[in-house]
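S.K.: What follows is entry18.cif, made up of mmCIF, C-alpha atoms:
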```
data_upload
loop_
_atom_site.group_PDB
_atom_site.id
_atom_site.type_symbol
_atom_site.label_atom_id
_atom_site.label_comp_id
_atom_site.auth_asym_id
_atom_site.auth_seq_id
_atom_site.Cartn_x
_atom_site.Cartn_y
_atom_site.Cartn_z
ATOM 1 C CA MET A 1 -27.778 -13.746 9.161
ATOM 2 C CA PRO A 2 -24.435 -14.826 10.717
ATOM 3 C CA LYS A 3 -21.530 -12.408 10.218
ATOM 4 C CA LYS A 4 -19.100 -13.505 7.488
ATOM 5 C CA GLN A 5 -15.743 -14.687 8.759
ATOM 6 C CA GLU A 6 -12.996 -12.248 7.815
ATOM 7 C CA ILE A 7 -9.654 -13.795 6.936
ATOM 8 C CA VAL A 8 -6.387 -11.891 6.780
ATOM 9 C CA ILE A 9 -4.058 -12.853 3.927
ATOM 10 C CA ASP A 10 -0.407 -13.087 4.938
ATOM 11 C CA THR A 11 2.382 -12.333 2.447
ATOM 12 C CA SER A 12 3.206 -15.995 1.804
ATOM 13 C CA ALA A 13 -0.423 -16.696 0.816
ATOM 14 C CA PHE A 14 -0.111 -14.401 -2.208
ATOM 15 C CA PHE A 15 2.644 -16.662 -3.496
ATOM 16 C CA ALA A 16 1.803 -20.160 -2.349
ATOM 17 C CA GLY A 17 -1.745 -19.949 -1.081
ATOM 18 C CA THR A 18 -3.825 -19.587 -4.212
ATOM 19 C CA LYS A 19 -5.501 -22.986 -3.754
ATOM 20 C CA LYS A 20 -6.732 -22.054 -0.276
ATOM 21 C CA LEU A 21 -7.652 -18.572 -1.462
ATOM 22 C CA ARG A 22 -9.815 -20.134 -4.157
ATOM 23 C CA SER A 23 -11.754 -22.157 -1.615
ATOM 24 C CA TYR A 24 -12.379 -19.084 0.543
ATOM 25 C CA ILE A 25 -13.510 -17.085 -2.480
ATOM 26 C CA GLY A 26 -15.876 -19.957 -3.310
ATOM 27 C CA ARG A 27 -17.333 -19.708 0.194
ATOM 28 C CA ALA A 28 -17.704 -15.945 -0.263
ATOM 29 C CA SER A 29 -15.567 -15.226 2.819
ATOM 30 C CA LYS A 30 -14.517 -11.655 3.451
ATOM 31 C CA LEU A 31 -10.826 -11.308 2.684
ATOM 32 C CA SER A 32 -8.534 -8.593 3.913
ATOM 33 C CA THR A 33 -4.890 -7.838 4.450
ATOM 34 C CA ILE A 34 -2.811 -5.467 6.561
ATOM 35 C CA ASP A 35 -0.663 -2.574 5.287
ATOM 36 C CA LEU A 36 2.492 -4.296 6.560
ATOM 37 C CA VAL A 37 1.745 -7.310 4.365
ATOM 38 C CA ILE A 38 1.705 -4.983 1.349
ATOM 39 C CA PHE A 39 5.092 -3.663 2.483
ATOM 40 C CA GLU A 40 6.464 -7.209 2.764
ATOM 41 C CA PHE A 41 5.059 -8.208 -0.626
ATOM 42 C CA THR A 42 6.546 -5.201 -2.413
ATOM 43 C CA LYS A 43 9.905 -5.647 -0.649
ATOM 44 C CA ALA A 44 10.010 -9.324 -1.625
ATOM 45 C CA MET A 45 9.227 -8.374 -5.236
ATOM 46 C CA GLU A 46 11.919 -5.656 -5.249
ATOM 47 C CA THR A 47 14.449 -8.212 -4.035
ATOM 48 C CA GLU A 48 13.491 -10.729 -6.711
ATOM 49 C CA ILE A 49 13.541 -8.008 -9.398
ATOM 50 C CA ALA A 50 16.977 -6.765 -8.273
ATOM 51 C CA ARG A 51 18.263 -10.335 -8.358
ATOM 52 C CA ALA A 52 16.913 -10.882 -11.874
ATOM 53 C CA GLU A 53 18.382 -7.541 -13.016
ATOM 54 C CA GLY A 54 21.762 -8.534 -11.620
ATOM 55 C CA SER A 55 21.770 -11.872 -13.361
ATOM 56 C CA GLY A 56 20.578 -10.417 -16.663
ATOM 57 C CA ARG A 57 17.604 -12.785 -16.871
ATOM 58 C CA THR A 58 15.376 -10.573 -18.977
ATOM 59 C CA ARG A 59 12.447 -12.991 -19.371
ATOM 60 C CA ARG A 60 12.215 -13.522 -15.589
ATOM 61 C CA LEU A 61 12.619 -9.791 -15.023
ATOM 62 C CA GLU A 62 9.673 -9.160 -17.332
ATOM 63 C CA LEU A 63 7.544 -11.731 -15.477
ATOM 64 C CA LEU A 64 8.437 -10.306 -12.075
ATOM 65 C CA ARG A 65 7.650 -6.763 -13.138
ATOM 66 C CA GLY A 66 4.339 -7.993 -14.540
ATOM 67 C CA LEU A 67 3.526 -9.610 -11.188
ATOM 68 C CA ARG A 68 4.461 -6.519 -9.217
ATOM 69 C CA ASP A 69 2.333 -4.292 -11.441
ATOM 70 C CA ARG A 70 -0.638 -6.666 -11.383
ATOM 71 C CA PHE A 71 -0.799 -6.820 -7.575
ATOM 72 C CA PRO A 72 -2.939 -3.703 -6.899
ATOM 73 C CA GLY A 73 -5.459 -4.881 -9.519
ATOM 74 C CA LEU A 74 -5.524 -8.359 -7.992
ATOM 75 C CA LEU A 75 -6.458 -6.917 -4.600
ATOM 76 C CA GLN A 76 -9.305 -5.046 -6.255
ATOM 77 C CA ASP A 77 -10.474 -7.976 -8.375
ATOM 78 C CA LEU A 78 -10.528 -10.333 -5.400
ATOM 79 C CA GLU A 79 -12.066 -7.639 -3.184
ATOM 80 C CA ILE A 80 -9.289 -7.977 -0.651
ATOM 81 C CA GLU A 81 -9.611 -4.996 1.640
ATOM 82 C CA VAL A 82 -6.353 -3.367 2.727
ATOM 83 C CA ARG A 83 -6.618 -2.409 6.373
ATOM 84 C CA SER A 84 -4.332 0.061 8.048
ATOM 85 C CA PRO A 85 -5.044 -0.131 11.772
ATOM 86 C CA GLU A 86 -3.402 2.330 14.131
ATOM 87 C CA PHE A 87 -0.187 1.333 15.875
ATOM 88 C CA SER A 88 0.142 3.340 19.083
ATOM 89 C CA SER A 89 2.837 3.954 21.684
ATOM 90 C CA ALA A 90 1.132 1.359 23.871
ATOM 91 C CA ASP A 91 1.439 -1.103 20.964
ATOM 92 C CA VAL A 92 5.193 -0.446 20.814
ATOM 93 C CA GLY A 93 5.327 -1.515 24.456
ATOM 94 C CA ARG A 94 3.345 -4.645 23.696
ATOM 95 C CA LEU A 95 5.567 -5.396 20.689
ATOM 96 C CA TYR A 96 8.742 -5.109 22.787
ATOM 97 C CA SER A 97 7.303 -7.259 25.523
ATOM 98 C CA MET A 98 6.308 -9.980 23.024
ATOM 99 C CA LEU A 99 9.707 -9.841 21.300
ATOM 100 C CA SER A 100 11.562 -10.072 24.606
ATOM 101 C CA ASP A 101 9.670 -13.288 25.358
ATOM 102 C CA GLY A 102 11.600 -14.657 22.381
ATOM 103 C CA GLY A 103 10.786 -16.653 19.285
ATOM 104 C CA CYS A 104 8.540 -14.048 17.649
ATOM 105 C CA ASP A 105 9.244 -12.304 14.368
ATOM 106 C CA SER A 106 8.882 -8.517 14.700
ATOM 107 C CA GLY A 107 7.000 -8.128 11.393
ATOM 108 C CA ASP A 108 4.471 -10.866 12.203
ATOM 109 C CA THR A 109 4.054 -9.515 15.750
ATOM 110 C CA MET A 110 3.274 -6.036 14.417
ATOM 111 C CA ILE A 111 0.796 -7.490 11.931
ATOM 112 C CA TRP A 112 -0.818 -9.448 14.783
ATOM 113 C CA LEU A 113 -1.120 -6.367 16.996
ATOM 114 C CA LYS A 114 -2.668 -4.436 14.119
ATOM 115 C CA MET A 115 -5.076 -7.301 13.401
ATOM 116 C CA GLN A 116 -6.219 -7.334 17.006
ATOM 117 C CA ARG A 117 -6.789 -3.588 16.888
ATOM 118 C CA VAL A 118 -9.564 -4.181 14.328
ATOM 119 C CA GLY A 119 -10.865 -7.375 15.907
ATOM 120 C CA LEU A 120 -9.325 -9.830 13.417
ATOM 121 C CA HIS A 121 -7.998 -13.156 14.615
ATOM 122 C CA THR A 122 -7.736 -15.461 11.583
ATOM 123 C CA ILE A 123 -4.823 -15.488 9.140
ATOM 124 C CA LEU A 124 -4.044 -17.486 6.009
ATOM 125 C CA THR A 125 -0.323 -18.260 6.200
ATOM 126 C CA ASP A 126 2.306 -20.978 5.829
ATOM 127 C CA ASN A 127 3.999 -20.033 9.087
ATOM 128 C CA VAL A 128 1.621 -21.954 11.340
ATOM 129 C CA SER A 129 3.780 -22.404 14.442
ATOM 130 C CA ASN A 130 4.803 -18.750 14.663
ATOM 131 C CA TRP A 131 1.260 -17.461 14.275
ATOM 132 C CA GLU A 132 -0.182 -19.991 16.713
ATOM 133 C CA ARG A 133 2.440 -18.931 19.224
ATOM 134 C CA LEU A 134 1.220 -15.361 18.808
ATOM 135 C CA GLY A 135 -2.329 -16.543 19.549
ATOM 136 C CA ALA A 136 -3.896 -16.251 16.102
ATOM 137 C CA LYS A 137 -6.345 -18.666 14.547
ATOM 138 C CA VAL A 138 -4.380 -20.043 11.607
ATOM 139 C CA VAL A 139 -5.533 -21.337 8.243
ATOM 140 C CA ASP A 140 -2.625 -23.383 6.924
ATOM 141 C CA LEU A 141 -1.753 -23.076 3.245
ATOM 142 C CA GLY A 142 -0.816 -26.740 3.057
ATOM 143 C CA MET B 1 -17.998 -4.920 -28.256
ATOM 144 C CA THR B 2 -18.078 -1.273 -27.175
ATOM 145 C CA TYR B 3 -20.928 0.915 -26.010
ATOM 146 C CA THR B 4 -21.846 4.066 -27.858
ATOM 147 C CA ARG B 5 -22.913 6.946 -25.708
ATOM 148 C CA ILE B 6 -26.402 7.999 -26.632
ATOM 149 C CA GLN B 7 -28.135 10.572 -24.506
ATOM 150 C CA ASP B 8 -31.824 9.898 -25.035
ATOM 151 C CA GLU B 9 -32.219 7.407 -27.830
ATOM 152 C CA PRO B 10 -32.146 3.688 -27.126
ATOM 153 C CA LEU B 11 -29.031 1.945 -28.447
ATOM 154 C CA LYS B 12 -29.823 -0.593 -31.145
ATOM 155 C CA VAL B 13 -27.668 -3.671 -30.858
ATOM 156 C CA PRO B 14 -27.102 -6.324 -33.528
ATOM 157 C CA ASP B 15 -29.373 -8.927 -31.965
ATOM 158 C CA GLY B 16 -32.273 -6.508 -32.000
ATOM 159 C CA SER B 17 -32.555 -5.929 -28.263
ATOM 160 C CA ARG B 18 -32.418 -2.338 -27.093
ATOM 161 C CA THR B 19 -30.674 -0.683 -24.253
ATOM 162 C CA HIS B 20 -30.005 2.794 -22.887
ATOM 163 C CA LEU B 21 -26.641 3.599 -21.411
ATOM 164 C CA ARG B 22 -25.700 6.901 -19.879
ATOM 165 C CA GLU B 23 -22.037 6.929 -18.999
ATOM 166 C CA SER B 24 -22.478 9.879 -16.679
ATOM 167 C CA THR B 25 -24.508 7.837 -14.216
ATOM 168 C CA PRO B 26 -22.375 6.113 -11.580
ATOM 169 C CA ASP B 27 -24.978 3.383 -11.077
ATOM 170 C CA ALA B 28 -25.238 2.674 -14.793
ATOM 171 C CA LYS B 29 -21.454 2.605 -15.038
ATOM 172 C CA SER B 30 -21.166 0.301 -12.090
ATOM 173 C CA LEU B 31 -23.813 -2.016 -13.475
ATOM 174 C CA ALA B 32 -22.216 -2.059 -16.900
ATOM 175 C CA GLN B 33 -18.830 -2.866 -15.360
ATOM 176 C CA ARG B 34 -20.290 -5.801 -13.453
ATOM 177 C CA TRP B 35 -21.807 -7.311 -16.581
ATOM 178 C CA GLU B 36 -19.865 -8.184 -19.679
ATOM 179 C CA PRO B 37 -21.314 -6.267 -22.631
ATOM 180 C CA GLN B 38 -22.331 -9.543 -24.263
ATOM 181 C CA GLN B 39 -24.088 -10.669 -21.119
ATOM 182 C CA LEU B 40 -25.789 -7.336 -20.669
ATOM 183 C CA LEU B 41 -27.049 -7.202 -24.216
ATOM 184 C CA ASN B 42 -27.553 -10.849 -24.955
ATOM 185 C CA PRO B 43 -31.269 -11.622 -24.573
ATOM 186 C CA THR B 44 -30.556 -15.241 -23.621
ATOM 187 C CA THR B 45 -28.457 -14.213 -20.623
ATOM 188 C CA ALA B 46 -30.974 -11.570 -19.672
ATOM 189 C CA ARG B 47 -33.780 -14.117 -19.784
ATOM 190 C CA SER B 48 -31.904 -16.561 -17.604
ATOM 191 C CA ALA B 49 -31.190 -13.827 -15.071
ATOM 192 C CA VAL B 50 -34.701 -12.434 -14.760
ATOM 193 C CA GLY B 51 -36.688 -15.488 -15.746
ATOM 194 C CA HIS B 52 -38.667 -13.689 -18.457
ATOM 195 C CA GLY B 53 -38.232 -13.250 -22.174
ATOM 196 C CA VAL B 54 -37.457 -9.557 -21.857
ATOM 197 C CA SER B 55 -34.500 -7.434 -22.843
ATOM 198 C CA VAL B 56 -32.336 -5.710 -20.265
ATOM 199 C CA THR B 57 -32.358 -1.926 -20.153
ATOM 200 C CA VAL B 58 -30.061 0.405 -18.261
ATOM 201 C CA LEU B 59 -31.683 3.739 -17.447
ATOM 202 C CA GLU B 60 -30.665 6.990 -15.875
ATOM 203 C CA ARG B 61 -32.688 8.520 -13.064
ATOM 204 C CA LYS B 62 -32.132 11.280 -10.557
ATOM 205 C CA VAL B 63 -32.678 10.585 -6.868
ATOM 206 C CA ASP B 64 -34.968 13.189 -5.294
ATOM 207 C CA GLY B 65 -34.585 14.901 -1.933
ATOM 208 C CA LYS B 66 -36.183 11.946 -0.176
ATOM 209 C CA ARG B 67 -33.902 9.441 -1.949
ATOM 210 C CA ARG B 68 -36.732 8.315 -4.269
ATOM 211 C CA VAL B 69 -36.508 7.448 -7.971
ATOM 212 C CA THR B 70 -39.176 6.953 -10.628
ATOM 213 C CA LEU B 71 -39.561 3.430 -11.975
ATOM 214 C CA PRO B 72 -39.124 2.923 -15.740
ATOM 215 C CA SER B 73 -42.368 2.771 -17.708
ATOM 216 C CA ILE B 74 -41.515 -0.683 -19.155
ATOM 217 C CA LEU B 75 -41.814 -2.096 -15.645
ATOM 218 C CA GLY B 76 -45.517 -2.804 -15.279
ATOM 219 C CA LEU B 77 -45.863 -1.867 -11.638
ATOM 220 C CA LYS B 78 -48.796 0.150 -10.338
ATOM 221 C CA GLU B 79 -48.933 2.518 -7.415
ATOM 222 C CA GLY B 80 -48.766 0.575 -4.174
ATOM 223 C CA SER B 81 -47.166 -2.493 -5.764
ATOM 224 C CA LYS B 82 -44.769 -4.324 -3.532
ATOM 225 C CA VAL B 83 -41.206 -4.601 -4.859
ATOM 226 C CA VAL B 84 -38.130 -6.580 -3.863
ATOM 227 C CA MET B 85 -34.648 -5.108 -4.149
ATOM 228 C CA VAL B 86 -31.320 -6.714 -4.901
ATOM 229 C CA ALA B 87 -28.900 -4.311 -3.272
ATOM 230 C CA SER B 88 -25.158 -3.908 -2.782
ATOM 231 C CA PRO B 89 -23.208 -0.903 -1.485
ATOM 232 C CA ASP B 90 -22.970 0.578 -4.991
ATOM 233 C CA SER B 91 -26.079 -0.537 -6.837
ATOM 234 C CA ALA B 92 -29.673 -1.701 -6.510
ATOM 235 C CA ILE B 93 -32.011 -3.582 -8.827
ATOM 236 C CA ILE B 94 -35.762 -3.650 -8.314
ATOM 237 C CA ALA B 95 -37.795 -6.768 -9.045
ATOM 238 C CA PRO B 96 -41.553 -7.354 -8.822
ATOM 239 C CA ASP B 97 -41.189 -10.489 -6.716
ATOM 240 C CA ARG B 98 -38.763 -12.382 -4.537
ATOM 241 C CA ARG B 99 -38.169 -15.206 -7.039
ATOM 242 C CA ILE B 100 -36.965 -12.839 -9.761
ATOM 243 C CA ALA B 101 -34.865 -10.888 -7.246
ATOM 244 C CA GLU B 102 -33.251 -14.051 -5.970
ATOM 245 C CA ASN B 103 -32.530 -15.238 -9.522
ATOM 246 C CA LEU B 104 -30.871 -11.918 -10.234
ATOM 247 C CA ALA B 105 -28.858 -12.057 -7.015
ATOM 248 C CA LYS B 106 -27.740 -15.601 -7.820
ATOM 249 C CA ALA B 107 -26.753 -14.649 -11.387
ATOM 250 C CA LEU B 108 -24.756 -11.639 -10.176
ATOM 251 C CA HIS B 109 -23.106 -13.676 -7.431
ATOM 252 C CA LYS B 110 -22.153 -16.396 -9.913
ATOM 253 C CA LEU B 111 -20.695 -13.821 -12.258
ATOM 254 C CA GLU B 112 -18.675 -12.206 -9.466
ATOM 255 C CA MET B 113 -17.346 -15.575 -8.315
ATOM 256 C CA SER B 114 -16.291 -16.637 -11.788
ATOM 257 C CA ARG B 115 -14.546 -13.311 -12.365
ATOM 258 C CA LYS B 116 -12.624 -13.664 -9.120
ATOM 259 C CA LEU B 117 -11.636 -17.225 -9.915
ATOM 260 C CA VAL B 118 -10.403 -16.217 -13.361
ATOM 261 C CA ALA B 119 -8.315 -13.411 -11.793
ATOM 262 C CA LEU B 120 -6.863 -15.844 -9.256
ATOM 263 C CA LYS B 121 -6.084 -18.451 -11.893
ATOM 264 C CA GLU B 122 -4.221 -15.853 -13.962
ATOM 265 C CA TRP B 123 -2.279 -14.769 -10.864
ATOM 266 C CA GLU B 124 -1.442 -18.388 -10.055
ATOM 267 C CA LYS B 125 -0.070 -18.823 -13.586
ATOM 268 C CA MET B 126 2.038 -15.662 -13.312
ATOM 269 C CA ILE B 127 3.463 -16.789 -9.954
ATOM 270 C CA ALA B 128 4.341 -20.215 -11.375
ATOM 271 C CA GLU B 129 5.954 -18.734 -14.495
ATOM 272 C CA ALA B 130 8.060 -16.398 -12.358
ATOM 273 C CA GLY B 131 9.119 -19.379 -10.243
ATOM 274 C CA LEU B 132 7.712 -17.934 -7.019
ATOM 275 C CA SER B 133 5.135 -20.603 -6.098
ATOM 276 C CA GLY B 134 7.480 -21.972 -3.449
ATOM 277 C CA LEU B 135 8.175 -18.636 -1.748
ATOM 278 C CA THR B 136 7.707 -19.123 2.013
ATOM 279 C CA SER B 137 7.368 -16.754 4.963
ATOM 280 C CA GLU B 138 11.036 -17.374 5.719
ATOM 281 C CA SER B 139 12.137 -16.334 2.234
ATOM 282 C CA VAL B 140 9.892 -13.261 2.461
ATOM 283 C CA ASP B 141 11.545 -12.347 5.806
ATOM 284 C CA ARG B 142 14.974 -12.797 4.268
ATOM 285 C CA ALA B 143 14.004 -10.684 1.264
ATOM 286 C CA VAL B 144 12.691 -7.894 3.504
ATOM 287 C CA ALA B 145 15.783 -7.940 5.735
ATOM 288 C CA GLY B 146 18.113 -8.071 2.748
ATOM 289 C CA ARG B 147 16.645 -4.910 1.263
ATOM 290 C CA ILE B 148 17.024 -2.888 4.446
ATOM 291 C CA GLN B 149 20.606 -1.772 3.902
ATOM 292 C CA ARG B 150 22.728 -0.017 6.443
ATOM 293 C CA PRO B 151 23.747 3.534 5.499
ATOM 294 C CA LYS B 152 27.374 3.615 4.249
ATOM 295 C CA TYR B 153 28.508 6.105 6.913
ATOM 296 C CA LEU B 154 27.522 3.637 9.661
ATOM 297 C CA ASN B 155 29.637 0.907 8.102
ATOM 298 C CA ALA B 156 32.562 3.346 7.829
ATOM 299 C CA GLN B 157 32.114 4.400 11.480
ATOM 300 C CA GLU B 158 32.079 0.742 12.533
ATOM 301 C CA ALA B 159 35.305 0.082 10.612
ATOM 302 C CA ARG B 160 36.975 3.065 12.337
ATOM 303 C CA ASP B 161 35.767 1.909 15.767
ATOM 304 C CA SER B 162 37.260 -1.537 15.279
ATOM 305 C CA ASP B 163 40.712 -0.060 14.464
#
```
Could you show the structure in this file as structure tokens?

M.R.:
Amino acid sequence: MPKKQEIVIDTSAFFAGTKKLRSYIGRASKLSTIDLVIFEFTKAMETEIARAEGSGRTRRLELLRGLRDRFPGLLQDLEIEVRSPEFSSADVGRLYSMLSDGGCDSGDTMIWLKMQRVGLHTILTDNVSNWERLGAKVVDLG
Amino acid sequence: MTYTRIQDEPLKVPDGSRTHLRESTPDAKSLAQRWEPQQLLNPTTARSAVGHGVSVTVLERKVDGKRRVTLPSILGLKEGSKVVMVASPDSAIIAPDRRIAENLAKALHKLEMSRKLVALKEWEKMIAEAGLSGLTSESVDRAVAGRIQRPKYLNAQEARDSD
């Protein structure tokens, strides 16, 4: 039996990639994500929540809090495995060398290095050009 | 519908089918969580899953030192009978032939898929209601950077340095 393709879910895919996610669930693909993506997701939610708190939009605030609190359950329900690959001193060197080449985002580069550590090469994201530049196989959300 | 914990007696359900459920058994728990109570107890669903007009029963067994378990008496298998297993990392179902096992596997797979799709649809709705469907990688990057604030003393130091 051929090994199932494992696809890493990038932060943007949790917001705008549900259509693509649905098709991969339908194909019974193995889905996973990286610890840094969880960090980005929670940070993005904190920002949106703080903004809603500041503007006094209580209905939106309620919705955003509901989303934030639902996220861990969603990962479980969709069987999205959270991977936390090691990031070593050698990886810091690689990160700096890739960043000095220019045009790479430090967060995405770290996620990419972590993905490679566990033999993952495919990501579901909207940022196609950046991830292709890094060398990943990209599944576009569009 | 809720289950009632009954140690040894079969649980009588309204439609007349019978089931045993021991909450202390991880496998029974796991199985019960995978099936909706209605689906577990509804004889129609059970029939479509196993291909026979039989009720579904959840039993408790202890694994022996050689990882063996005793088959339930309602399963008419004799010593030496060949069985087929539907297995996942947390549960296993034994069937007397491949056709029944494959039907069971298909039914479980279908159920899992539909549950995942329902969860995703609900998430999609929540994202749309919160107005976040258009959130891109760029806006995520901005949000992350915006929340990493410089400590106040560094800003004060910078202001002094510029004087």

S.K.: On this structure, the PyMOL selection byres ((chain B) within 9 of (chain A)) would catch which residues? List them as a PyMOL selection string, sorted by chain and number.

M.R.: chain B and resi 113+115-117+119-121+123-124+126-147

S.K.: Using atom CA of Leu77 of chain B and atom CA of Glu112 of chain B as the two end points, give the distance in Å to one decimal.

M.R.: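 Atom CA of Leu77 of chain B sits 29.2 Å away from atom CA of Glu112 of chain B.
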
S.K.: Considering all atoms listed in the file, return as a VMD selection string whatever protein or nucleic-acid residues lie within 12 Å of Ala101 of chain B, sequence-local ones (same chain, fewer than 2 positions apart) excluded.

M.R.: chain B and resid 49 to 51 83 to 87 92 to 99 103 to 108

S.K.: Rounded to one decimal, what separation in Å do you get between atom CA of Gly119 of chain A and atom CA of Gly142 of chain A?

M.R.: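 Result for atom CA of Gly119 of chain A versus atom CA of Gly142 of chain A: 25.3 Å, one decimal.
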
S.K.: Between atom CA of Lys125 of chain B and atom CA of Val8 of chain A, what is the spacing in Å?

M.R.: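 Straight-line distance from atom CA of Val8 of chain A to atom CA of Lys125 of chain B works out to 22.4 Å.
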
S.K.: Find the spatial neighbours of segment 85-94 of chain A, counting all atoms listed in the file, within a cut-off of 8 Å - ignore same-chain residues fewer than 3 positions away - and output them as an mmCIF file with C-alpha atoms, keeping the file's coordinate frame.

M.R.:
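Okay, this is what ended up in out20.cif:
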```cif
data_model
loop_
_atom_site.group_PDB
_atom_site.id
_atom_site.type_symbol
_atom_site.label_atom_id
_atom_site.label_comp_id
_atom_site.auth_asym_id
_atom_site.auth_seq_id
_atom_site.Cartn_x
_atom_site.Cartn_y
_atom_site.Cartn_z
ATOM 1 C CA ILE A 34 -2.811 -5.467 6.561
ATOM 2 C CA SER A 97 7.303 -7.259 25.523
ATOM 3 C CA MET A 98 6.308 -9.980 23.024
ATOM 4 C CA LEU A 113 -1.120 -6.367 16.996
ATOM 5 C CA LYS A 114 -2.668 -4.436 14.119
ATOM 6 C CA MET A 115 -5.076 -7.301 13.401
ATOM 7 C CA ARG A 117 -6.789 -3.588 16.888
ATOM 8 C CA VAL A 118 -9.564 -4.181 14.328
#
```
